[in-house]
>>> print(open('input_28.txt').read())   # compact mmCIF, C-alpha atoms and all ligand atoms
# COMPACT_ATOMS: atom_id res chain seq x y z
CA MET U 1 121.81 122.67 81.22
CA LEU U 2 120.54 119.49 79.56
CA ASN U 3 123.57 117.59 80.80
CA ARG U 4 121.90 117.55 84.18
CA ILE U 5 119.11 115.30 82.98
CA ALA U 6 119.03 111.62 82.17
CA GLY U 7 116.72 108.72 81.36
CA ILE U 8 117.26 105.40 83.14
CA ASP U 9 115.76 102.08 82.06
CA PHE U 10 116.31 99.77 85.04
CA GLY U 11 115.29 96.46 83.46
CA THR U 12 114.77 93.02 84.94
CA SER U 13 117.61 91.66 82.79
CA ASN U 14 119.45 94.72 81.41
CA SER U 15 119.74 98.41 82.21
CA SER U 16 120.57 101.49 80.12
CA VAL U 17 121.24 105.16 80.78
CA GLY U 18 120.55 107.98 78.31
CA ILE U 19 121.59 111.63 78.17
CA PHE U 20 120.42 114.39 75.86
CA CYS U 21 123.22 115.72 73.72
CA ASN U 22 123.18 118.10 70.71
CA GLY U 23 119.39 117.99 70.49
CA LYS U 24 119.06 114.21 70.55
CA PRO U 25 119.07 111.33 73.02
CA ASP U 26 122.18 109.23 73.33
CA LEU U 27 122.89 106.06 75.30
CA LEU U 28 125.92 105.88 77.60
CA ASP U 29 128.49 103.17 77.10
CA ILE U 30 128.35 101.75 80.62
CA ASN U 31 131.70 100.67 82.06
CA GLY U 32 132.99 99.97 78.54
CA GLU U 33 130.50 97.07 78.30
CA GLY U 34 128.00 98.56 75.85
CA THR U 35 124.77 100.53 76.14
CA ALA U 36 122.67 97.76 77.77
CA VAL U 37 124.39 95.93 80.63
CA PRO U 38 123.07 93.14 82.86
CA SER U 39 121.11 94.30 85.91
CA ALA U 40 123.46 92.19 88.01
CA ILE U 41 125.62 92.73 91.10
CA PHE U 42 128.28 90.39 92.42
CA TYR U 43 129.53 90.69 95.99
CA PRO U 44 132.70 88.61 96.36
CA ASP U 45 133.28 86.88 99.70
CA GLU U 46 136.81 88.27 99.83
CA GLY U 47 137.47 92.00 99.47
CA VAL U 48 135.03 94.87 99.51
CA GLU U 49 134.57 95.85 95.86
CA ALA U 50 131.26 94.75 94.35
CA ALA U 51 131.17 94.14 90.59
CA PHE U 52 128.31 95.27 88.32
CA GLY U 53 126.94 94.42 84.87
CA LYS U 54 128.88 91.97 82.69
CA ARG U 55 131.75 91.95 85.17
CA ALA U 56 129.40 90.74 87.91
CA VAL U 57 128.20 87.83 85.77
CA SER U 58 131.69 86.86 84.58
CA GLN U 59 133.18 86.87 88.11
CA TYR U 60 130.42 84.53 89.18
CA THR U 61 130.72 82.19 86.22
CA GLN U 62 134.52 82.10 86.62
CA GLY U 63 133.91 80.57 90.03
CA VAL U 64 134.91 83.50 92.29
CA GLU U 65 133.27 82.77 95.67
CA GLY U 66 130.50 85.24 96.44
CA ARG U 67 126.87 86.15 95.86
CA LEU U 68 125.36 87.09 92.48
CA LEU U 69 122.10 89.03 92.46
CA ARG U 70 119.97 89.40 89.31
CA SER U 71 116.34 90.17 88.40
CA LEU U 72 116.18 92.61 91.33
CA LYS U 73 113.42 94.62 89.68
CA SER U 74 111.08 91.69 90.30
CA VAL U 75 111.53 92.18 94.05
CA LEU U 76 110.05 95.74 94.03
CA GLY U 77 106.59 95.80 95.60
CA THR U 78 106.88 92.25 97.01
CA SER U 79 107.30 91.17 100.63
CA LEU U 80 110.93 90.28 99.83
CA MET U 81 111.69 94.03 99.89
CA LEU U 82 111.22 93.90 103.67
CA GLU U 83 113.60 90.97 104.02
CA LYS U 84 117.35 90.84 104.18
CA THR U 85 119.61 88.50 102.32
CA GLN U 86 123.05 87.14 103.18
CA VAL U 87 125.85 89.06 101.46
CA ARG U 88 129.38 88.29 102.67
CA ASN U 89 128.85 87.87 106.40
CA ARG U 90 126.11 90.49 106.76
CA ARG U 91 122.36 90.54 106.21
CA VAL U 92 121.56 93.25 103.64
CA ALA U 93 118.17 94.66 102.60
CA PHE U 94 117.21 94.23 98.93
CA SER U 95 116.62 98.00 98.73
CA ASP U 96 120.29 98.62 99.67
CA ILE U 97 121.41 96.21 96.94
CA ILE U 98 119.31 98.00 94.29
CA GLU U 99 120.66 101.29 95.64
CA ASP U 100 124.23 100.04 95.07
CA TYR U 101 123.26 99.39 91.44
CA PHE U 102 121.82 102.91 91.06
CA ILE U 103 124.96 104.40 92.63
CA PHE U 104 126.94 102.46 90.01
CA LEU U 105 124.78 103.95 87.21
CA ASN U 106 125.04 107.44 88.70
CA THR U 107 128.82 107.14 88.97
CA GLN U 108 128.95 106.18 85.28
CA LEU U 109 126.90 109.30 84.49
CA ALA U 110 129.13 111.54 86.58
CA GLN U 111 132.25 110.19 84.87
CA GLN U 112 130.86 110.77 81.39
CA THR U 113 129.09 114.13 81.72
CA ASN U 114 130.57 117.43 82.79
CA GLN U 115 127.99 118.26 85.43
CA PRO U 116 126.37 116.04 88.04
CA VAL U 117 123.02 114.70 86.88
CA ASP U 118 120.25 115.57 89.30
CA SER U 119 117.04 115.09 87.27
CA VAL U 120 115.99 111.75 85.92
CA VAL U 121 113.04 110.04 84.28
CA LEU U 122 112.89 106.40 85.35
CA GLY U 123 111.06 103.80 83.33
CA ARG U 124 108.46 101.62 84.96
CA PRO U 125 106.43 98.64 83.70
CA VAL U 126 102.67 99.08 83.32
CA HIS U 127 102.37 96.87 86.41
CA PHE U 128 105.25 96.26 88.81
CA VAL U 129 102.79 93.93 90.56
CA ASP U 130 99.80 92.42 88.73
CA ASN U 131 96.29 93.11 90.10
CA ASP U 132 97.37 95.00 93.24
CA GLN U 133 97.37 98.77 92.95
CA LYS U 134 98.59 99.37 96.48
CA ARG U 135 101.68 97.21 96.14
CA ASP U 136 102.24 98.58 92.65
CA ALA U 137 102.33 102.13 94.06
CA GLN U 138 104.67 100.94 96.82
CA ALA U 139 107.04 99.51 94.20
CA GLN U 140 107.28 102.87 92.43
CA GLU U 141 107.80 104.69 95.74
CA GLN U 142 110.53 102.21 96.72
CA LEU U 143 112.31 102.88 93.44
CA ALA U 144 111.98 106.66 93.93
CA VAL U 145 113.53 106.44 97.42
CA ILE U 146 116.36 104.28 96.06
CA ALA U 147 117.07 106.76 93.24
CA ARG U 148 117.01 109.68 95.68
CA ASN U 149 119.43 107.92 98.05
CA ALA U 150 121.66 107.25 95.05
CA GLY U 151 121.96 111.01 94.42
CA PHE U 152 119.13 111.97 92.05
CA GLU U 153 117.10 114.94 93.24
CA HIS U 154 114.22 115.28 90.77
CA ILE U 155 112.69 111.95 89.87
CA GLU U 156 109.81 111.31 87.52
CA PHE U 157 108.41 108.08 86.09
CA GLN U 158 107.26 107.11 82.63
CA LEU U 159 105.67 103.84 81.49
CA GLU U 160 108.19 101.82 79.51
CA PRO U 161 105.92 101.22 76.47
CA ILE U 162 105.08 104.95 76.32
CA ALA U 163 108.79 105.77 76.39
CA ALA U 164 109.40 103.36 73.49
CA ALA U 165 106.55 105.08 71.63
CA LEU U 166 108.15 108.51 72.13
CA HIS U 167 111.35 107.23 70.61
CA TYR U 168 109.57 105.64 67.67
CA GLU U 169 107.52 108.81 67.15
CA SER U 170 110.70 110.83 66.60
CA THR U 171 111.13 108.89 63.32
CA LEU U 172 107.56 109.35 62.03
CA ALA U 173 106.51 111.46 59.05
CA LYS U 174 102.72 111.19 59.52
CA GLU U 175 100.10 110.25 62.12
CA GLU U 176 99.68 106.55 62.94
CA LEU U 177 97.71 104.37 65.35
CA VAL U 178 100.41 102.20 66.86
CA VAL U 179 100.55 99.24 69.24
CA ILE U 180 103.84 99.18 71.15
CA VAL U 181 104.92 95.68 72.19
CA ASP U 182 107.74 95.70 74.77
CA ILE U 183 108.63 92.21 75.94
CA GLY U 184 111.69 92.10 78.16
CA GLY U 185 113.07 89.71 80.75
CA GLY U 186 110.37 90.06 83.41
CA THR U 187 107.30 91.76 81.95
CA ALA U 188 105.37 92.27 78.74
CA ASP U 189 104.13 95.85 78.40
CA PHE U 190 101.85 97.23 75.72
CA SER U 191 100.47 100.62 74.80
CA VAL U 192 98.11 101.78 72.09
CA LEU U 193 98.73 105.34 70.98
CA ARG U 194 98.05 107.90 68.32
CA LEU U 195 101.51 109.09 67.31
CA SER U 196 102.27 112.06 65.12
CA PRO U 197 105.21 114.31 64.34
CA GLU U 198 103.06 117.41 65.10
CA GLN U 199 102.39 116.31 68.68
CA HIS U 200 105.91 115.03 69.40
CA ALA U 201 107.18 118.05 71.35
CA LYS U 202 104.10 118.28 73.57
CA ALA U 203 104.79 117.23 77.19
CA ASP U 204 101.22 116.15 77.97
CA ARG U 205 100.12 113.30 75.69
CA LYS U 206 97.26 111.92 77.78
CA ASP U 207 94.76 112.37 74.96
CA ASP U 208 96.92 110.38 72.54
CA ILE U 209 97.39 107.39 74.85
CA LEU U 210 94.39 105.19 74.13
CA THR U 211 95.29 102.41 76.54
CA THR U 212 98.17 100.62 78.28
CA MET U 213 98.30 97.04 79.49
CA GLY U 214 100.91 94.80 81.07
CA ILE U 215 101.43 91.30 82.38
CA HIS U 216 104.19 89.51 84.26
CA ILE U 217 105.45 87.34 81.44
CA GLY U 218 108.92 87.78 79.96
CA GLY U 219 112.07 86.08 78.74
CA THR U 220 112.89 84.51 82.11
CA ASP U 221 109.52 82.70 81.90
CA PHE U 222 110.40 81.48 78.41
CA ASP U 223 113.71 80.16 79.82
CA ARG U 224 111.90 78.25 82.57
CA LEU U 225 109.30 76.82 80.20
CA LEU U 226 111.85 75.72 77.60
CA SER U 227 113.97 74.16 80.32
CA LEU U 228 111.06 72.18 81.77
CA HIS U 229 109.86 71.13 78.34
CA SER U 230 113.14 70.13 76.71
CA VAL U 231 115.99 69.94 79.22
CA MET U 232 114.72 68.77 82.61
CA PRO U 233 113.38 65.45 81.19
CA SER U 234 117.01 64.51 80.46
CA LEU U 235 117.65 64.89 84.22
CA GLY U 236 114.72 62.64 85.09
CA TYR U 237 111.86 65.17 85.23
CA GLY U 238 108.61 63.29 84.55
CA SER U 239 110.27 59.85 84.81
CA LEU U 240 108.86 57.14 87.04
CA VAL U 241 109.50 55.97 90.57
CA GLN U 242 110.50 52.31 90.22
CA GLY U 243 107.67 49.80 90.58
CA THR U 244 105.00 52.52 90.31
CA THR U 245 103.22 54.62 87.70
CA ARG U 246 104.06 57.76 89.69
CA ALA U 247 106.53 60.41 88.49
CA LEU U 248 109.45 61.58 90.63
CA PRO U 249 108.65 64.78 92.58
CA GLY U 250 109.01 67.86 90.36
CA SER U 251 109.91 70.62 92.82
CA LEU U 252 113.72 70.48 92.40
CA TYR U 253 113.31 70.58 88.62
CA PHE U 254 111.08 73.67 88.88
CA ASP U 255 113.66 75.41 91.08
CA LEU U 256 116.52 74.46 88.76
CA ALA U 257 114.59 75.87 85.77
CA THR U 258 113.83 79.20 87.52
CA TRP U 259 116.67 81.74 87.63
CA HIS U 260 115.95 83.28 91.02
CA LYS U 261 115.24 79.94 92.74
CA ILE U 262 118.51 78.23 91.81
CA PRO U 263 120.31 79.27 95.06
CA LEU U 264 117.64 77.35 97.04
CA LEU U 265 119.06 74.10 95.63
CA TYR U 266 122.36 74.61 97.41
CA GLN U 267 120.79 74.40 100.86
CA ARG U 268 121.83 71.39 102.93
CA GLN U 269 118.37 69.76 103.13
CA VAL U 270 118.22 69.42 99.34
CA GLN U 271 121.03 66.83 99.36
CA ALA U 272 118.85 64.34 101.25
CA LYS U 273 116.00 64.90 98.78
CA VAL U 274 118.21 64.18 95.76
CA GLN U 275 119.63 61.11 97.47
CA GLN U 276 116.11 59.80 98.00
CA MET U 277 115.20 60.50 94.36
CA LEU U 278 118.28 58.57 93.31
CA LEU U 279 117.14 55.56 95.36
CA ASP U 280 113.56 55.79 94.07
CA ALA U 281 114.23 56.36 90.37
CA GLN U 282 113.54 53.67 87.81
CA GLN U 283 116.37 55.16 85.70
CA ARG U 284 119.22 56.37 87.87
CA ARG U 285 121.53 57.94 85.29
CA PRO U 286 119.49 61.10 84.63
CA VAL U 287 119.01 61.70 88.36
CA GLN U 288 122.73 61.17 88.90
CA ALA U 289 123.34 64.03 86.42
CA LEU U 290 120.87 66.17 88.39
CA LYS U 291 122.79 65.38 91.57
CA THR U 292 126.10 66.35 89.96
CA ILE U 293 124.65 69.69 88.75
CA ILE U 294 123.44 70.49 92.26
CA ASP U 295 126.61 69.24 94.01
CA GLU U 296 128.84 71.24 91.67
CA ARG U 297 126.58 74.31 91.76
CA LEU U 298 126.11 74.37 88.00
CA GLY U 299 122.51 75.64 88.16
CA HIS U 300 123.25 79.13 86.77
CA SER U 301 125.48 77.69 84.04
CA LEU U 302 122.61 75.44 83.00
CA ALA U 303 120.10 78.32 83.05
CA ARG U 304 122.47 80.37 80.90
CA ALA U 305 122.88 77.45 78.44
CA VAL U 306 119.08 77.22 78.16
CA GLU U 307 118.80 81.00 77.64
CA LEU U 308 121.46 80.90 74.92
CA GLY U 309 119.62 77.99 73.26
CA LYS U 310 116.41 80.03 73.33
CA ILE U 311 118.18 83.03 71.76
CA LYS U 312 119.72 80.79 69.06
CA LEU U 313 116.22 79.55 68.19
CA SER U 314 115.29 83.10 67.21
CA GLU U 315 117.84 82.78 64.36
CA HIS U 316 117.92 79.06 63.63
CA THR U 317 115.27 76.36 63.46
CA GLU U 318 117.20 74.02 65.75
CA THR U 319 120.13 74.04 68.13
CA ASP U 320 121.79 72.04 70.94
CA ILE U 321 121.72 72.79 74.63
CA GLN U 322 124.76 71.34 76.34
CA LEU U 323 126.32 71.37 79.79
CA LEU U 324 129.61 69.77 80.64
CA ASN U 325 131.73 69.69 83.75
CA ASP U 326 135.44 68.82 83.87
CA GLU U 327 134.78 65.15 83.24
CA GLN U 328 131.66 64.55 81.21
CA MET U 329 128.76 65.87 79.18
CA LEU U 330 125.93 66.24 81.71
CA ILE U 331 123.34 67.49 79.24
CA ASP U 332 123.19 67.31 75.47
CA VAL U 333 119.75 67.86 73.98
CA ALA U 334 118.63 68.98 70.54
CA VAL U 335 115.85 71.60 70.62
CA THR U 336 113.77 72.92 67.74
CA ARG U 337 111.51 75.90 67.18
CA THR U 338 108.58 73.51 67.55
CA ASP U 339 109.79 72.61 71.07
CA MET U 340 110.01 76.30 71.87
CA GLN U 341 106.51 76.89 70.53
CA LEU U 342 105.04 74.01 72.55
CA ALA U 343 106.82 75.25 75.66
CA ILE U 344 105.64 78.87 75.49
CA GLU U 345 102.31 78.73 73.64
CA ASN U 346 100.15 79.09 76.77
CA ASP U 347 102.06 82.20 77.81
CA VAL U 348 101.97 83.66 74.30
CA GLU U 349 98.21 83.14 74.25
CA LYS U 350 97.99 85.20 77.46
CA LEU U 351 99.97 87.97 75.74
CA ARG U 352 97.68 87.87 72.70
CA ALA U 353 94.59 87.96 74.93
CA CYS U 354 96.03 90.90 76.89
CA VAL U 355 96.42 92.95 73.68
CA ALA U 356 93.00 91.85 72.36
CA GLN U 357 91.34 92.94 75.61
CA GLY U 358 93.21 96.27 75.63
CA LEU U 359 92.12 97.03 72.07
CA SER U 360 88.53 96.12 72.81
CA GLU U 361 88.47 98.28 75.97
CA ALA U 362 89.72 101.17 73.86
CA LEU U 363 86.85 100.45 71.43
CA LEU U 364 89.29 99.51 68.68
CA SER U 365 89.51 96.46 66.49
CA PRO U 366 92.78 94.84 65.38
CA ALA U 367 92.03 96.18 61.88
CA ASP U 368 92.39 99.80 63.17
CA VAL U 369 96.05 99.25 64.00
CA VAL U 370 98.40 100.74 61.39
CA ASN U 371 101.68 99.65 62.91
CA VAL U 372 102.93 97.24 65.58
CA PHE U 373 106.27 98.39 66.97
CA TYR U 374 108.39 95.83 68.83
CA THR U 375 111.05 96.38 71.46
CA GLY U 376 112.55 94.37 74.35
CA GLY U 377 114.87 91.37 73.98
CA SER U 378 112.05 88.81 73.93
CA SER U 379 110.13 90.51 71.12
CA GLY U 380 112.43 88.67 68.69
CA VAL U 381 110.91 85.23 69.39
CA PRO U 382 109.58 84.13 65.96
CA TYR U 383 106.52 82.25 67.29
CA LEU U 384 105.42 85.27 69.29
CA ARG U 385 105.84 87.49 66.25
CA SER U 386 103.80 85.12 64.10
CA VAL U 387 100.92 85.20 66.61
CA PHE U 388 100.82 89.01 66.56
CA GLU U 389 101.14 89.07 62.77
CA GLN U 390 98.14 86.76 62.49
CA MET U 391 96.18 88.88 64.93
CA MET U 392 96.84 92.15 63.06
CA PRO U 393 97.57 91.01 59.47
CA GLN U 394 96.90 94.37 57.79
CA ALA U 395 99.31 96.32 60.07
CA ARG U 396 103.00 96.97 59.44
CA HIS U 397 105.21 95.12 61.93
CA THR U 398 108.31 97.14 62.80
CA GLN U 399 111.27 96.00 64.88
CA GLY U 400 112.71 98.80 67.03
CA ASP U 401 116.00 98.85 68.88
CA ALA U 402 115.33 95.83 71.14
CA PHE U 403 117.59 97.05 73.94
CA GLY U 404 117.58 100.82 73.36
CA SER U 405 114.15 102.16 72.41
CA VAL U 406 112.78 102.42 75.96
CA CYS U 407 115.78 104.28 77.35
CA LEU U 408 116.04 106.62 74.33
CA GLY U 409 112.35 107.47 74.86
CA LEU U 410 112.87 108.07 78.58
CA THR U 411 115.66 110.48 77.70
CA ILE U 412 113.45 112.34 75.18
CA ASP U 413 110.83 112.56 77.93
CA ALA U 414 113.40 113.83 80.44
CA ALA U 415 114.46 116.60 78.04
CA ARG U 416 110.83 117.72 77.64
CA ARG U 417 109.97 117.60 81.33
CA PHE U 418 113.09 119.15 82.82
CA ALA U 419 114.23 121.54 80.09
N1 LIG V 1 117.31 87.16 70.09
C1 LIG V 1 116.56 86.89 71.19
N2 LIG V 1 115.52 86.03 71.10
C2 LIG V 1 114.77 85.75 72.19
N3 LIG V 1 114.99 86.28 73.41
C3 LIG V 1 116.00 87.15 73.54
C4 LIG V 1 116.84 87.50 72.45
N4 LIG V 1 117.77 88.37 72.89
C5 LIG V 1 117.53 88.55 74.21
N5 LIG V 1 116.47 87.82 74.61
C6 LIG V 1 115.87 87.77 75.96
O1 LIG V 1 115.41 89.07 76.27
C7 LIG V 1 115.38 89.23 77.70
C8 LIG V 1 115.99 90.56 78.07
O2 LIG V 1 115.34 91.58 77.38
P1 LIG V 1 115.43 93.10 77.85
O3 LIG V 1 116.84 93.50 78.10
O4 LIG V 1 114.61 93.89 76.90
O5 LIG V 1 114.68 92.97 79.25
P2 LIG V 1 114.58 94.05 80.44
O6 LIG V 1 114.32 95.39 79.86
O7 LIG V 1 115.78 93.91 81.31
O8 LIG V 1 113.32 93.49 81.24
P3 LIG V 1 111.93 94.19 81.63
O9 LIG V 1 111.66 95.26 80.62
O10 LIG V 1 110.95 93.07 81.58
O11 LIG V 1 112.15 94.70 83.01
C9 LIG V 1 116.12 88.04 78.29
O12 LIG V 1 115.17 87.12 78.80
C10 LIG V 1 116.84 87.44 77.08
O13 LIG V 1 117.04 86.05 77.20
MG MG V 2 112.64 96.50 79.42
>>> encode(input="input_28.txt", output="structure tokens")
Amino acid sequence: MLNRIAGIDFGTSNSSVGIFCNGKPDLLDINGEGTAVPSAIFYPDEGVEAAFGKRAVSQYTQGVEGRLLRSLKSVLGTSLMLEKTQVRNRRVAFSDIIEDYFIFLNTQLAQQTNQPVDSVVLGRPVHFVDNDQKRDAQAQEQLAVIARNAGFEHIEFQLEPIAAALHYESTLAKEELVVIVDIGGGTADFSVLRLSPEQHAKADRKDDILTTMGIHIGGTDFDRLLSLHSVMPSLGYGSLVQGTTRALPGSLYFDLATWHKIPLLYQRQVQAKVQQMLLDAQQRRPVQALKTIIDERLGHSLARAVELGKIKLSEHTETDIQLLNDEQMLIDVAVTRTDMQLAIENDVEKLRACVAQGLSEALLSPADVVNVFYTGGSSGVPYLRSVFEQMMPQARHTQGDAFGSVCLGLTIDAARRFA
């Protein structure tokens, strides 16, 4: 019976699928790539087979001609959902692309369970869209339609930070007031809850959820900020137009630093802009490297190098970010944790303020918090952790399964709702 239910965490960067097995939640190994795979689809120009997850990313980075789509969750609830994008020689709606990804996940489920899965709890951020309830509701409805078209019959939603709390609660021995901090690729989601082993099996936990809050800041923002702070200057960002005290225009650098805007740089009209920058620049060498990156379509490789640098800085105090083509080193910069801190401190302050406001609206003070439980890939950033530790110094700070807690919690929730 329980084989027919699943939890799905469709993340901005990574997705996971959980099933309930022998009385506990378990994550599927998706396509032999692990339990959290990139939320990415690659449509090659030649042939009909799309690739998903790690395979999608590797086909693209190996230079197979085609279109890579990532961060599709960010499109839900926006006007882009009504638009079509070029895939092979057709125009395809973003909803159909997300549906292809859900069909991929459902096919994985069907292959690994004995019965078709028809009932699913889907995770959702606290806000798909900030400060717009109507569009936020539309985003959830769009996702429900997509899941239904992909073969799921009974679809329910759970907030991602509540799901993570349900998973953490399954390990608790006594009642605790907990702040859940879930910082992923696209959003930061928080919840403040009273968790206890006695209440764990109850389906309705409204009384124990003291507040939830969310904001559109995540790891892809940290990538952009680190890139603009530490990498783009080596391509001429912020440098002067010759004979003036004016800086070169920044728009191409912003696009190059922003994952989903990189394809815009490969449009024909950009070539003339770069050419003009090359003529105007006081120092031509950095802008020449920018031109090479655009001409050779190395934007995603650069964004990936910056992301890997950022991840390294969670372990080490300094690292190098490099990009080379067949002939030369185009970028070689040393970055430190201090650079990372300077780059992201405004955003981290917004995250701190979001939690402070949530606590105060729930009539709590930071001193009431017994435990801060972290999940999501970006929760590992040391500067961010230090800010939360300073804010709630008396609390325990517990690292959950960064890429699994939300989906395990969604699966626990699915078992309770559909059993
Ligand atoms: N060790 C690390 N240090 C810092 N950032 C990391 C680390 N590992 C992964 N990340 C970042 O975490 C992000 C992905 O996290 P995660 O998979 O939790 O997001 P998601 O669930 O897909 O997104 P969301 O929940 O916002 O929709 C990426 O931006 C990635 O660069
Ligand atoms: Mg997530």
>>> closest_residue(input="input_28.txt", among="U:Val192, U:Leu264, U:Ala334, U:Leu105", to="Gln357 of chain U", atoms="only C-alpha atoms")
U:Val192
>>> residues_near_ligand(input="input_28.txt", ligand="ligand MG 2 (chain V)", cutoff="7 Å", atoms="only C-alpha atoms and all ligand atoms", output="list of chain:residue names")
U:Asp9, U:Gly11, U:Thr12, U:Glu160, U:Asp182, U:Ile183, U:Gly184, U:Gly185, U:Gly376, U:Val406
>>> residues_near_ligand(input="input_28.txt", ligand="ligand LIG 1 (chain V)", cutoff="6 Å", atoms="only C-alpha atoms and all ligand atoms", output="mmCIF file with C-alpha atoms, in the frame of the given file")
data_model
loop_
_atom_site.group_PDB
_atom_site.id
_atom_site.type_symbol
_atom_site.label_atom_id
_atom_site.label_comp_id
_atom_site.auth_asym_id
_atom_site.auth_seq_id
_atom_site.Cartn_x
_atom_site.Cartn_y
_atom_site.Cartn_z
ATOM 1 C CA GLY U 11 115.290 96.460 83.460
ATOM 2 C CA THR U 12 114.770 93.020 84.940
ATOM 3 C CA SER U 13 117.610 91.660 82.790
ATOM 4 C CA ASN U 14 119.450 94.720 81.410
ATOM 5 C CA GLY U 184 111.690 92.100 78.160
ATOM 6 C CA GLY U 185 113.070 89.710 80.750
ATOM 7 C CA GLY U 186 110.370 90.060 83.410
ATOM 8 C CA THR U 187 107.300 91.760 81.950
ATOM 9 C CA GLY U 218 108.920 87.780 79.960
ATOM 10 C CA GLY U 219 112.070 86.080 78.740
ATOM 11 C CA THR U 220 112.890 84.510 82.110
ATOM 12 C CA GLU U 307 118.800 81.000 77.640
ATOM 13 C CA ILE U 311 118.180 83.030 71.760
ATOM 14 C CA SER U 314 115.290 83.100 67.210
ATOM 15 C CA GLY U 376 112.550 94.370 74.350
ATOM 16 C CA GLY U 377 114.870 91.370 73.980
ATOM 17 C CA SER U 378 112.050 88.810 73.930
ATOM 18 C CA GLY U 380 112.430 88.670 68.690
ATOM 19 C CA VAL U 381 110.910 85.230 69.390
ATOM 20 C CA PHE U 403 117.590 97.050 73.940
#
>>> atom_distance(input="input_28.txt", atom1="atom CA of Ser58 of chain U", atom2="atom CA of His229 of chain U")
27.6 Å
>>> atom_distance(input="input_28.txt", atom1="atom CA of Thr258 of chain U", atom2="atom CA of Arg224 of chain U")
5.4 Å
>>> residues_around(input="input_28.txt", residues="Glu349 of chain U", least_positions_apart="6", cutoff="12 Å", atoms="all atoms listed in the file", output="JSON, numbers by chain")
{"U": [215, 217, 341, 342, 343, 355, 356, 383, 384, 385, 386, 387, 388, 391]}
>>> residues_around(input="input_28.txt", residues="segment 137-147 of chain U", least_positions_apart="5", cutoff="6 Å", atoms="all atoms listed in the file", output="MDAnalysis selection string")
chainID U and resid 76:77 99 152
>>> atom_distance(input="input_28.txt", atom1="atom CA of Phe128 of chain U", atom2="atom CA of Ser170 of chain U")
27.1 Å
>>> closest_atom_pairs(input="input_28.txt", of="segment 200-297 of chain U", to="segment 318-329 of chain U", cutoff="9 Å", atoms="all atoms listed in the file", output="tab-separated table")
residue	atom	partner	partner_atom	distance
U:Val231	CA	U:Ile321	CA	7.9
U:Ile293	CA	U:Asn325	CA	8.7
U:Glu296	CA	U:Asn325	CA	8.6
>>> axis_aligned_box(input="input_28.txt", around="segment 66-82 of chain U", padding_each_side="8 Å", output="lines of an AutoDock Vina configuration file")
center_x = 118.5
center_y = 90.5
center_z = 96.0
size_x = 39.9
size_y = 26.6
size_z = 31.3
>>> closest_residue(input="input_28.txt", among="U:Arg337, U:Lys261, U:Arg4, U:Arg124", to="His154 of chain U", atoms="only C-alpha atoms")
U:Arg4
>>> residues_near_point(input="input_28.txt", point="(102.5, 101.4, 79.4)", cutoff="6 Å", atoms="all atoms listed in the file", output="mmCIF file with C-alpha atoms, in the frame of the given file")
data_model
loop_
_atom_site.group_PDB
_atom_site.id
_atom_site.type_symbol
_atom_site.label_atom_id
_atom_site.label_comp_id
_atom_site.auth_asym_id
_atom_site.auth_seq_id
_atom_site.Cartn_x
_atom_site.Cartn_y
_atom_site.Cartn_z
ATOM 1 C CA VAL U 126 102.670 99.080 83.320
ATOM 2 C CA LEU U 159 105.670 103.840 81.490
ATOM 3 C CA GLU U 160 108.190 101.820 79.510
ATOM 4 C CA PRO U 161 105.920 101.220 76.470
ATOM 5 C CA ILE U 162 105.080 104.950 76.320
ATOM 6 C CA ASP U 189 104.130 95.850 78.400
ATOM 7 C CA PHE U 190 101.850 97.230 75.720
ATOM 8 C CA SER U 191 100.470 100.620 74.800
ATOM 9 C CA THR U 212 98.170 100.620 78.280
#
>>> closest_residue(input="input_28.txt", among="U:Leu363, U:Leu278, U:Leu72, U:Val117", to="Trp259 of chain U", atoms="all atoms listed in the file")
U:Leu72
>>> residues_around(input="input_28.txt", residues="Tyr253 of chain U", least_positions_apart="4", cutoff="9 Å", atoms="all atoms listed in the file", output="VMD selection string")
chain U and resid 228 232 235 to 237 249 257 to 258 290
>>> write_last_selection(input="input_28.txt", atoms="C-alpha atoms", output="CSV table (one decimal), in the coordinates of the input")
chain,number,residue,atom,x,y,z
U,228,LEU,CA,111.1,72.2,81.8
U,232,MET,CA,114.7,68.8,82.6
U,235,LEU,CA,117.6,64.9,84.2
U,236,GLY,CA,114.7,62.6,85.1
U,237,TYR,CA,111.9,65.2,85.2
U,249,PRO,CA,108.6,64.8,92.6
U,257,ALA,CA,114.6,75.9,85.8
U,258,THR,CA,113.8,79.2,87.5
U,290,LEU,CA,120.9,66.2,88.4
>>> residues_around(input="input_28.txt", residues="Glu169 of chain U", least_positions_apart="5", cutoff="9 Å", atoms="only C-alpha atoms", output="mmCIF file with C-alpha atoms, keeping the file's coordinate frame")
data_model
loop_
_atom_site.group_PDB
_atom_site.id
_atom_site.type_symbol
_atom_site.label_atom_id
_atom_site.label_comp_id
_atom_site.auth_asym_id
_atom_site.auth_seq_id
_atom_site.Cartn_x
_atom_site.Cartn_y
_atom_site.Cartn_z
ATOM 1 C CA ALA U 164 109.400 103.360 73.490
ATOM 2 C CA LEU U 195 101.510 109.090 67.310
ATOM 3 C CA SER U 196 102.270 112.060 65.120
ATOM 4 C CA PRO U 197 105.210 114.310 64.340
ATOM 5 C CA HIS U 200 105.910 115.030 69.400
#
>>> residues_near_point(input="input_28.txt", point="(111.2, 108.8, 74.4)", cutoff="10 Å", atoms="only C-alpha atoms", output="list in words")
Gly7, Pro25, Gln158, Glu160, Pro161, Ile162, Ala163, Ala164, Ala165, Leu166, His167, Tyr168, Glu169, Ser170, His200, Ser405, Val406, Cys407, Leu408, Gly409, Leu410, Thr411, Ile412, Asp413, Ala414, Ala415 and Arg416 of chain U
